[in-house]
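**Q** Got a file for you: data31.cif, mmCIF, C-alpha atoms (C1' of nucleotides).
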data_work
loop_
_atom_site.label_atom_id
_atom_site.label_comp_id
_atom_site.auth_asym_id
_atom_site.auth_seq_id
_atom_site.Cartn_x
_atom_site.Cartn_y
_atom_site.Cartn_z
CA MET A 983 10.23 19.52 -1.17
CA PRO A 984 12.25 16.99 -2.95
CA GLU A 985 10.63 13.57 -3.04
CA LEU A 986 7.96 12.42 -5.45
CA PRO A 987 4.91 13.37 -3.32
CA GLU A 988 6.16 16.88 -2.65
CA VAL A 989 6.89 17.50 -6.32
CA GLU A 990 3.44 16.14 -7.19
CA ILE A 991 1.80 18.58 -4.76
CA VAL A 992 3.73 21.49 -6.24
CA LYS A 993 2.79 20.33 -9.71
CA GLN A 994 -0.91 20.22 -8.89
CA SER A 995 -1.07 23.67 -7.39
CA LEU A 996 1.30 25.26 -9.87
CA LYS A 997 -0.62 23.85 -12.81
CA LYS A 998 -3.85 25.51 -11.71
CA THR A 999 -2.11 28.85 -11.61
CA ILE A 1000 0.16 28.90 -14.64
CA ILE A 1001 -1.43 26.71 -17.30
CA TYR A 1002 -2.19 28.65 -20.52
CA LYS A 1003 -0.51 31.72 -19.04
CA LYS A 1004 2.26 33.59 -20.78
CA ILE A 1005 5.68 34.17 -19.31
CA ILE A 1006 6.27 37.88 -19.68
CA ASN A 1007 9.82 37.98 -18.42
CA VAL A 1008 12.46 35.93 -16.63
CA LYS A 1009 15.05 37.37 -14.30
CA VAL A 1010 17.98 35.28 -13.12
CA SER A 1011 20.07 36.59 -10.24
CA ASN A 1012 22.27 33.53 -9.75
CA ARG A 1013 23.05 31.11 -12.58
CA ASN A 1014 25.24 28.86 -10.46
CA LEU A 1015 22.84 26.15 -9.46
CA ARG A 1016 23.74 22.45 -9.46
CA PHE A 1017 24.43 22.96 -13.14
CA LYS A 1018 25.12 26.41 -14.49
CA LEU A 1019 22.15 27.91 -16.31
CA LYS A 1020 22.77 28.27 -20.04
CA LYS A 1021 23.30 31.78 -21.41
CA ASN A 1022 20.12 31.66 -23.48
CA PHE A 1023 18.00 30.12 -20.72
CA GLU A 1024 15.72 33.14 -20.49
CA THR A 1025 15.24 33.61 -24.22
CA TYR A 1026 13.65 30.18 -24.59
CA LEU A 1027 11.07 31.10 -21.99
CA ILE A 1028 10.17 34.73 -22.50
CA LYS A 1029 6.86 35.29 -24.34
CA ARG A 1030 6.04 31.58 -24.27
CA LYS A 1031 2.74 30.19 -23.10
CA ILE A 1032 2.58 27.26 -20.68
CA THR A 1033 0.73 24.38 -22.32
CA ASP A 1034 1.05 21.79 -19.57
CA VAL A 1035 2.62 21.05 -16.20
CA LEU A 1036 3.78 17.50 -15.59
CA ARG A 1037 5.85 15.44 -13.20
CA ILE A 1038 8.10 12.46 -13.72
CA ALA A 1039 9.75 11.05 -10.59
CA LYS A 1040 11.19 14.07 -8.74
CA TYR A 1041 11.16 16.26 -11.82
CA LEU A 1042 8.69 19.03 -12.44
CA ILE A 1043 8.15 19.54 -16.17
CA ILE A 1044 6.73 22.67 -17.75
CA ALA A 1045 5.67 22.30 -21.37
CA LEU A 1046 5.84 25.42 -23.55
CA ASP A 1047 4.05 26.43 -26.73
CA ASN A 1048 7.29 26.31 -28.70
CA ASN A 1049 7.46 22.56 -28.01
CA LYS A 1050 10.29 23.06 -25.58
CA TYR A 1051 10.28 21.74 -22.05
CA LEU A 1052 11.57 23.32 -18.87
CA ILE A 1053 12.42 20.84 -16.15
CA ILE A 1054 13.04 21.68 -12.51
CA HIS A 1055 14.77 19.43 -10.01
CA PHE A 1056 14.57 20.79 -6.47
CA GLY A 1057 17.63 19.09 -5.04
CA MET A 1058 17.57 19.27 -1.24
CA SER A 1059 16.34 22.77 -0.63
CA GLY A 1060 14.67 24.11 -3.78
CA THR A 1061 11.20 25.66 -3.46
CA LEU A 1062 8.83 27.57 -5.67
CA HIS A 1063 6.93 30.56 -4.39
CA LEU A 1064 3.96 32.29 -5.88
CA LEU A 1065 3.77 36.01 -5.42
CA LYS A 1066 0.57 37.70 -6.52
CA LYS A 1067 0.34 41.31 -7.53
CA ASP A 1068 -3.05 41.92 -5.98
CA LYS A 1069 -3.79 41.30 -2.33
CA ASN A 1070 -6.72 38.97 -2.96
CA ILE A 1071 -4.80 35.89 -2.22
CA LYS A 1072 -6.17 32.49 -3.01
CA ASN A 1073 -4.36 29.81 -1.07
CA THR A 1074 -2.76 27.05 -3.02
CA ASN A 1075 -0.54 24.24 -1.88
CA LEU A 1076 2.29 25.98 -3.58
CA SER A 1077 4.06 27.87 -0.86
CA PHE A 1078 2.63 31.33 -0.88
CA TYR A 1079 4.54 34.27 0.36
CA ASN A 1080 3.40 37.79 0.56
CA SER A 1081 6.14 40.26 -0.06
CA CYS A 1082 7.33 40.42 3.55
CA ASP A 1083 7.39 36.64 4.01
CA LEU A 1084 9.35 35.80 0.89
CA PRO A 1085 12.81 34.53 1.86
CA LYS A 1086 15.29 37.37 1.69
CA LYS A 1087 18.13 35.30 0.31
CA HIS A 1088 18.58 32.75 -2.45
CA ASN A 1089 15.74 33.82 -4.72
CA HIS A 1090 17.65 32.84 -7.82
CA ILE A 1091 15.06 32.98 -10.58
CA GLU A 1092 11.89 35.02 -11.08
CA PHE A 1093 9.30 34.09 -13.72
CA PHE A 1094 7.03 37.05 -14.38
CA PHE A 1095 3.44 36.52 -15.48
CA ASP A 1096 0.66 39.02 -15.93
CA ASN A 1097 -0.69 39.18 -12.39
CA PHE A 1098 1.85 37.19 -10.46
CA LYS A 1099 5.34 35.86 -10.44
CA VAL A 1100 6.85 32.49 -9.59
CA ILE A 1101 10.15 32.46 -7.73
CA TYR A 1102 12.69 29.67 -7.53
CA ASN A 1103 14.48 29.73 -4.18
CA ASP A 1104 17.28 27.33 -3.28
CA PRO A 1105 19.74 28.00 -0.43
CA ARG A 1106 21.97 24.98 -1.05
CA ARG A 1107 21.77 25.18 -4.85
CA PHE A 1108 21.64 21.42 -5.32
CA GLY A 1109 18.63 21.92 -7.53
CA PHE A 1110 18.76 22.70 -11.22
CA LEU A 1111 16.72 23.74 -14.24
CA LYS A 1112 17.21 22.60 -17.81
CA ILE A 1113 15.47 23.20 -21.11
CA PHE A 1114 14.92 20.50 -23.71
CA ASN A 1115 14.05 21.36 -27.27
CA SER A 1116 11.86 18.36 -27.95
CA ARG A 1117 9.81 15.77 -26.17
CA GLU A 1118 12.13 13.18 -27.62
CA ASN A 1119 15.18 14.71 -25.96
CA LEU A 1120 13.30 15.10 -22.71
CA ASN A 1121 12.29 11.45 -22.79
CA LYS A 1122 15.84 10.45 -23.51
CA TYR A 1123 17.09 12.43 -20.52
CA LEU A 1124 14.41 11.08 -18.20
CA ASP A 1125 14.59 7.58 -19.58
CA ASN A 1126 15.75 6.14 -16.29
CA TYR A 1127 13.16 8.07 -14.40
CA GLU A 1128 10.02 6.49 -15.68
CA LYS A 1129 10.47 3.66 -13.23
CA GLU A 1130 8.40 5.22 -10.53
CA PRO A 1131 6.28 3.17 -8.13
CA LEU A 1132 3.07 4.98 -9.07
CA ASN A 1133 3.44 3.85 -12.66
CA LYS A 1134 0.88 1.16 -13.39
CA ASN A 1135 3.52 -1.16 -14.84
CA PHE A 1136 5.48 -1.02 -11.61
CA ASN A 1137 4.54 -4.52 -10.46
CA VAL A 1138 6.13 -7.60 -8.91
CA ASN A 1139 7.68 -8.82 -12.15
CA HIS A 1140 9.05 -5.40 -12.93
CA LEU A 1141 10.65 -5.04 -9.49
CA LYS A 1142 11.98 -8.57 -9.65
CA ASN A 1143 13.74 -7.69 -12.88
CA ILE A 1144 15.22 -4.59 -11.32
CA LEU A 1145 16.47 -6.42 -8.24
CA GLY A 1146 17.89 -9.27 -10.28
CA SER A 1147 21.09 -10.27 -8.57
CA LYS A 1148 21.85 -6.90 -7.03
CA LYS A 1149 24.43 -7.16 -4.31
CA LYS A 1150 23.57 -3.88 -2.71
CA ASN A 1151 21.14 -3.42 0.10
CA ILE A 1152 17.50 -2.66 -0.50
CA LYS A 1153 17.72 0.78 1.13
CA ASN A 1154 20.27 1.88 -1.45
CA ILE A 1155 18.31 0.26 -4.25
CA LEU A 1156 15.19 2.23 -3.30
CA LEU A 1157 17.25 5.42 -3.30
CA ASP A 1158 18.95 4.67 -6.62
CA GLN A 1159 16.97 6.66 -9.15
CA LYS A 1160 18.25 4.49 -11.97
CA CYS A 1161 16.58 1.47 -10.37
CA ILE A 1162 13.43 3.01 -8.96
CA SER A 1163 12.63 6.68 -9.31
CA GLY A 1164 10.91 9.17 -7.06
CA ILE A 1165 11.72 7.65 -3.66
CA GLY A 1166 14.02 9.62 -1.36
CA ASN A 1167 15.36 9.06 2.12
CA ILE A 1168 12.14 9.67 4.04
CA TYR A 1169 9.94 7.41 1.99
CA ALA A 1170 12.58 4.68 1.64
CA ASN A 1171 12.63 4.38 5.43
CA GLU A 1172 8.84 4.39 5.70
CA ILE A 1173 8.31 1.87 2.89
CA LEU A 1174 10.81 -0.58 4.41
CA PHE A 1175 9.12 -0.29 7.79
CA PHE A 1176 5.68 -1.13 6.41
CA SER A 1177 7.18 -3.95 4.34
CA LYS A 1178 8.95 -5.28 7.48
CA ILE A 1179 12.24 -5.56 5.62
CA ASN A 1180 15.64 -4.83 7.13
CA PRO A 1181 17.24 -1.92 5.25
CA LYS A 1182 20.53 -3.82 5.01
CA LYS A 1183 19.01 -6.85 3.30
CA LEU A 1184 20.60 -7.39 -0.10
CA GLY A 1185 18.46 -7.07 -3.21
CA LYS A 1186 19.27 -10.58 -4.35
CA ASN A 1187 18.14 -12.02 -1.02
CA LEU A 1188 14.64 -10.56 -1.10
CA SER A 1189 11.90 -13.15 -1.14
CA ASP A 1190 8.88 -13.07 -3.44
CA ILE A 1191 6.80 -11.96 -0.48
CA ASP A 1192 9.27 -9.15 0.26
CA ILE A 1193 9.00 -7.94 -3.33
CA LYS A 1194 5.23 -8.12 -3.25
CA LYS A 1195 5.15 -6.01 -0.10
CA LEU A 1196 7.61 -3.51 -1.54
CA VAL A 1197 5.44 -2.99 -4.60
CA PHE A 1198 2.32 -2.59 -2.49
CA TYR A 1199 3.76 -0.26 0.15
CA SER A 1200 5.76 1.85 -2.29
CA LYS A 1201 2.53 2.78 -3.96
CA LYS A 1202 0.60 3.07 -0.72
CA VAL A 1203 3.09 5.25 1.17
CA LEU A 1204 3.60 7.62 -1.76
CA ASN A 1205 -0.12 7.89 -2.44
CA ASN A 1206 -0.89 8.54 1.21
CA ALA A 1207 1.79 11.22 1.31
CA ILE A 1208 0.25 12.91 -1.72
CA LEU A 1209 -3.19 12.79 -0.09
CA LYS A 1210 -1.72 14.50 2.97
CA GLY A 1211 -0.09 17.22 0.92
CA GLY A 1212 3.44 15.80 1.20
CA SER A 1213 5.87 16.16 4.08
CA THR A 1214 7.19 19.37 5.56
CA ILE A 1215 10.40 18.75 7.49
CA ARG A 1216 12.20 22.03 7.66
CA ASN A 1217 10.51 25.20 6.68
CA PHE A 1218 11.53 28.78 6.42
CA LYS A 1219 10.48 30.50 9.60
CA ASN A 1220 8.16 32.99 8.00
CA ALA A 1221 6.53 30.58 5.65
CA ASN A 1222 2.95 31.39 4.97
CA GLY A 1223 2.43 28.53 2.58
CA ILE A 1224 0.34 25.48 3.27
CA GLU A 1225 2.46 22.81 4.88
CA GLY A 1226 2.26 19.11 4.22
CA LYS A 1227 0.85 16.89 6.92
CA PHE A 1228 2.44 13.55 6.15
CA GLN A 1229 5.27 14.11 8.63
CA ASP A 1230 2.67 13.50 11.35
CA ASP A 1231 2.29 9.99 9.95
CA PHE A 1232 6.00 9.09 9.96
CA LYS A 1233 6.53 5.73 11.62
CA VAL A 1234 10.33 5.64 11.69
CA TYR A 1235 11.84 8.65 9.94
CA ASN A 1236 13.34 10.94 12.58
CA LYS A 1237 11.87 8.70 15.31
CA LYS A 1238 15.13 7.51 16.86
CA GLY A 1239 14.60 6.46 20.48
CA LEU A 1240 10.81 6.35 20.24
CA LYS A 1241 8.82 3.19 20.67
CA CYS A 1242 7.85 1.24 17.57
CA THR A 1243 4.20 1.91 16.75
CA ASN A 1244 3.39 -1.66 15.76
CA LYS A 1245 1.03 -3.45 18.11
CA ASN A 1246 2.77 -5.86 20.49
CA CYS A 1247 6.20 -4.43 19.71
CA ILE A 1248 8.13 -2.74 22.50
CA GLN A 1249 11.30 -2.14 20.48
CA ILE A 1250 12.87 1.32 20.20
CA ILE A 1251 13.45 2.78 16.73
CA LYS A 1252 17.14 2.72 15.82
CA LYS A 1253 19.15 5.12 13.71
CA ILE A 1254 22.05 3.83 11.64
CA THR A 1255 23.99 5.20 8.67
CA ILE A 1256 23.86 3.50 5.29
CA SER A 1257 25.95 5.10 2.55
CA ASN A 1258 26.04 8.36 4.44
CA ARG A 1259 22.26 8.60 4.73
CA SER A 1260 20.36 8.35 8.01
CA THR A 1261 18.41 5.16 8.22
CA PHE A 1262 15.66 4.53 10.76
CA TYR A 1263 14.13 1.14 11.46
CA CYS A 1264 12.72 -1.22 14.07
CA SER A 1265 15.18 -4.05 14.65
CA TYR A 1266 12.36 -6.29 15.88
CA CYS A 1267 9.79 -5.73 13.13
CA GLN A 1268 12.45 -5.46 10.42
CA LYS A 1269 14.63 -8.37 11.51
CA SER A 1270 15.37 -9.69 8.03
"C1'" DA B 120 30.91 -3.13 -13.78
"C1'" DA B 121 28.72 -2.45 -9.76
"C1'" DG B 122 29.05 -0.31 -5.52
"C1'" DA B 123 30.95 2.76 -1.80
"C1'" DG B 124 32.31 7.32 -0.61
"C1'" DG B 125 33.44 12.16 -1.46
"C1'" DC B 126 31.69 16.22 -2.75
"C1'" DC B 127 28.85 20.15 -4.28
"C1'" DC B 128 26.37 24.22 -0.84
"C1'" DT B 129 23.94 26.96 3.16
"C1'" DG B 130 21.53 27.01 7.43
"C1'" DA B 131 19.62 25.07 11.70
"C1'" DT B 132 20.61 23.04 15.81
"C1'" DA B 133 23.20 20.60 19.48
"C1'" DG B 134 26.87 20.64 22.57
"C1'" DC B 135 30.50 22.79 24.88
"C1'" DT C 1120 26.47 34.42 24.36
"C1'" DG C 1121 29.34 32.50 20.97
"C1'" DC C 1122 32.05 29.23 19.08
"C1'" DT C 1123 32.45 24.50 16.51
"C1'" DA C 1124 30.78 20.25 14.79
"C1'" DT C 1125 27.23 17.74 12.77
"C1'" DC C 1126 23.46 17.01 10.04
"C1'" DA C 1127 19.82 17.84 6.30
"C1'" DG C 1128 14.19 15.79 1.77
"C1'" DG C 1129 19.81 14.59 -3.73
"C1'" DG C 1130 22.66 12.87 -7.04
"C1'" DC C 1131 26.92 13.24 -9.92
"C1'" DC C 1132 31.69 11.87 -10.17
"C1'" DT C 1133 35.73 9.14 -9.04
"C1'" DC C 1134 37.97 5.36 -7.39
"C1'" DT C 1135 38.21 0.50 -6.48
#
Any chance you could give the structure as structure tokens?
**A**
Amino acid sequence: MPELPEVEIVKQSLKKTIIYKKIINVKVSNRNLRFKLKKNFETYLIKRKITDVLRIAKYLIIALDNNKYLIIHFGMSGTLHLLKKDKNIKNTNLSFYNSCDLPKKHNHIEFFFDNFKVIYNDPRRFGFLKIFNSRENLNKYLDNYEKEPLNKNFNVNHLKNILGSKKKNIKNILLDQKCISGIGNIYANEILFFSKINPKKLGKNLSDIDIKKLVFYSKKVLNNAILKGGSTIRNFKNANGIEGKFQDDFKVYNKKGLKCTNKNCIQIIKKITISNRSTFYCSYCQKS
DNA sequence: AAGAGGCCCTGATAGC
DNA sequence: TGCTATCAGGGCCTCT
């Protein structure tokens, strides 16, 4: 669930469930995530009330009543699962598993609440959780991450400043969280397709019109994805949770060999590799 | 100093 | 069927 829209969907559904609730207990069965969980990780959380649930870029942020902040980054394969004690299940967009559908492996962390628990599952363990002891420290850590396209000050001038004289290609720039935050491989491909920009075009060579389109479609693609509940690419077989629907709207991602969907274009979508990441584009519509 | 590539992991799938 | 190789929604680190 890693890109901005998926984290936003999780945030929305999680918030409804856990806000103002108290964490009764925390059980960690594997501390070796992307970064090793600190020894006192649990003690900061136990008996704390959740005061807010936020998102910045691809980070989920849980604010606690001791003014500390828990952040979760899902990496490539991290997911949260809500497990209710009673059988009267209300569906949320947060993946819901009843006890037989919960993945059997890689449930690394359990957060116990009164009537339910939230489970962090992550097979590849590229995700991580960290606790910050003040908003100031959190802001410092996420400083680079407030450059997300949905931010209202993400405009043409702002992007122009970012691109400056960058000699790397626009695909890599979109993926570089220090330049622009929240966009991952799926949405980078989709945004470039709508903007009709070749993924290999260098940042410094982008025209004013290119930049204008990038600003517009970054916002539009991400917002549309959020409206559709995000994208579900690979799912656990027994998943009972609500899946995103935006994958049905993909124009290029994973569309190698299929015809371009633009009117009057008969080109076939190509797949190339840029910095080890799959890149899909239409060589006719995204000529330059 | 910016940019490219390797690497951290497990699991699903394709190809033989 | 069962093996092996490749690939996957990310990003940090190292080397140039």
**Q** Would you kindly translate the PyMOL selection byres ((chain A) within 8 of (chain C)) into the concrete residues it picks from this file, as number ranges by chain?
**A** A: 983-985, 1057-1059, 1108, 1166-1168, 1215
**Q** Could you list, as a ChimeraX atom specification, the residues of chain A having an atom within 8 Å of chain B when counting all atoms listed in the file?
**A** /A:1016,1105-1108,1150,1257
**Q** The residues within 9 Å of (11.7, -1.8, 9.6), using all atoms listed in the file and the coordinates of the file, should be reported as a list in words; which are they?
**A**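 Returned residue set, sorted by chain then number, is Asn1171, Glu1172, Ile1173, Leu1174, Phe1175, Phe1176, Ser1177, Lys1178, Ile1179, Asn1180, Pro1181, Val1234, Ile1251, Phe1262, Tyr1263, Cys1264, Ser1265, Tyr1266, Cys1267, Gln1268, Lys1269 and Ser1270 of chain A.
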**Q** Tell me which protein, DNA and RNA residues are within 7 Å of segment 1144-1149 of chain A, counting only C-alpha atoms (C1' of nucleotides), leaving out same-chain ones fewer than 4 positions away, and put them as number ranges by chain.
**A** A: 1140, 1161, 1184-1186
**Q** Check the smallest atom-to-atom distance from each of A:Asn1205, A:Ser1116, A:Asn1151, A:Asn1121 to Asn1049 of chain A using only C-alpha atoms, then report the winner.
**A**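 Using only C-alpha atoms, the shortest distance to Asn1049 of chain A belongs to A:Ser1116.
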**Q** So the first atom is atom CA of Phe1136 of chain A and the second is atom CA of Ala1039 of chain A; what is the distance between them in Å, to one decimal place?
**A**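 The value is 12.8 Å.
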**Q** State, in Å with one decimal place, the distance from atom CA of Gly1060 of chain A to atom CA of Gly1109 of chain A.
**A**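 About the pair atom CA of Gly1060 of chain A and atom CA of Gly1109 of chain A: they are 5.9 Å apart.
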**Q** Could you tell me how far atom CA of Tyr1169 of chain A lies from atom CA of Ile1113 of chain A, in Å and to one decimal?
**A**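 Interatomic distance here is 28.5 Å.
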**Q** Starting from the shown file, work through the PyMOL selection byres ((chain A and resi 1227) around 7) and note down what comes out as a list of chain:residue names.
**A**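 Those residues are A:Lys1210, A:Gly1211, A:Gly1212, A:Ser1213, A:Thr1214, A:Glu1225, A:Gly1226, A:Phe1228, A:Gln1229, A:Asp1230.
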**Q** Going by the chain IDs and residue numbers used in this file, which residues fall under the PyMOL selection byres ((chain A and resi 1110) around 10)? Write them as a PyMOL selection string.
**A** chain A and resi 1013-1019+1041+1053-1057+1060+1102+1104+1107-1109+1111-1112
**Q** For segment 1250-1268 of chain A, which lacks atoms in the input, supply N, CA and C atoms and format the output as a PDB file, in the frame of the given file.
**A**
ATOM      1  N   ILE A1250      12.594  -0.112  20.414  1.00  0.00           N
ATOM      2  CA  ILE A1250      12.870   1.320  20.200  1.00  0.00           C
ATOM      3  C   ILE A1250      13.431   1.488  18.785  1.00  0.00           C
ATOM      4  N   ILE A1251      12.971   2.532  18.098  1.00  0.00           N
ATOM      5  CA  ILE A1251      13.450   2.780  16.730  1.00  0.00           C
ATOM      6  C   ILE A1251      14.938   3.140  16.761  1.00  0.00           C
ATOM      7  N   LYS A1252      15.695   2.493  15.900  1.00  0.00           N
ATOM      8  CA  LYS A1252      17.140   2.720  15.820  1.00  0.00           C
ATOM      9  C   LYS A1252      17.493   3.638  14.660  1.00  0.00           C
ATOM     10  N   LYS A1253      18.616   4.323  14.813  1.00  0.00           N
ATOM     11  CA  LYS A1253      19.150   5.120  13.710  1.00  0.00           C
ATOM     12  C   LYS A1253      20.535   4.596  13.358  1.00  0.00           C
ATOM     13  N   ILE A1254      20.726   4.233  12.105  1.00  0.00           N
ATOM     14  CA  ILE A1254      22.050   3.830  11.640  1.00  0.00           C
ATOM     15  C   ILE A1254      22.385   4.628  10.374  1.00  0.00           C
ATOM     16  N   THR A1255      23.596   4.507   9.900  1.00  0.00           N
ATOM     17  CA  THR A1255      23.990   5.200   8.670  1.00  0.00           C
ATOM     18  C   THR A1255      24.253   4.173   7.579  1.00  0.00           C
ATOM     19  N   ILE A1256      23.593   4.338   6.448  1.00  0.00           N
ATOM     20  CA  ILE A1256      23.860   3.500   5.290  1.00  0.00           C
ATOM     21  C   ILE A1256      24.240   4.417   4.138  1.00  0.00           C
ATOM     22  N   SER A1257      25.441   4.233   3.625  1.00  0.00           N
ATOM     23  CA  SER A1257      25.950   5.100   2.550  1.00  0.00           C
ATOM     24  C   SER A1257      25.724   6.577   2.857  1.00  0.00           C
ATOM     25  N   ASN A1258      26.111   6.954   4.039  1.00  0.00           N
ATOM     26  CA  ASN A1258      26.040   8.360   4.440  1.00  0.00           C
ATOM     27  C   ASN A1258      24.630   8.926   4.586  1.00  0.00           C
ATOM     28  N   ARG A1259      23.614   8.085   4.545  1.00  0.00           N
ATOM     29  CA  ARG A1259      22.260   8.600   4.730  1.00  0.00           C
ATOM     30  C   ARG A1259      21.688   7.996   6.007  1.00  0.00           C
ATOM     31  N   SER A1260      20.995   8.819   6.779  1.00  0.00           N
ATOM     32  CA  SER A1260      20.360   8.350   8.010  1.00  0.00           C
ATOM     33  C   SER A1260      19.306   7.309   7.684  1.00  0.00           C
ATOM     34  N   THR A1261      19.339   6.252   8.455  1.00  0.00           N
ATOM     35  CA  THR A1261      18.410   5.160   8.220  1.00  0.00           C
ATOM     36  C   THR A1261      17.744   4.794   9.532  1.00  0.00           C
ATOM     37  N   PHE A1262      16.419   4.794   9.542  1.00  0.00           N
ATOM     38  CA  PHE A1262      15.660   4.530  10.760  1.00  0.00           C
ATOM     39  C   PHE A1262      14.864   3.244  10.573  1.00  0.00           C
ATOM     40  N   TYR A1263      14.891   2.382  11.594  1.00  0.00           N
ATOM     41  CA  TYR A1263      14.130   1.140  11.460  1.00  0.00           C
ATOM     42  C   TYR A1263      13.893   0.512  12.819  1.00  0.00           C
ATOM     43  N   CYS A1264      12.989  -0.461  12.855  1.00  0.00           N
ATOM     44  CA  CYS A1264      12.720  -1.220  14.070  1.00  0.00           C
ATOM     45  C   CYS A1264      13.422  -2.568  13.920  1.00  0.00           C
ATOM     46  N   SER A1265      14.377  -2.834  14.802  1.00  0.00           N
ATOM     47  CA  SER A1265      15.180  -4.050  14.650  1.00  0.00           C
ATOM     48  C   SER A1265      14.373  -5.310  14.992  1.00  0.00           C
ATOM     49  N   TYR A1266      13.215  -5.130  15.608  1.00  0.00           N
ATOM     50  CA  TYR A1266      12.360  -6.290  15.880  1.00  0.00           C
ATOM     51  C   TYR A1266      11.427  -6.570  14.700  1.00  0.00           C
ATOM     52  N   CYS A1267      10.731  -5.541  14.237  1.00  0.00           N
ATOM     53  CA  CYS A1267       9.790  -5.730  13.130  1.00  0.00           C
ATOM     54  C   CYS A1267      10.496  -5.900  11.779  1.00  0.00           C
ATOM     55  N   GLN A1268      11.700  -5.374  11.688  1.00  0.00           N
ATOM     56  CA  GLN A1268      12.450  -5.460  10.420  1.00  0.00           C
ATOM     57  C   GLN A1268      13.711  -6.298  10.636  1.00  0.00           C
TER      58      GLN A1268
END
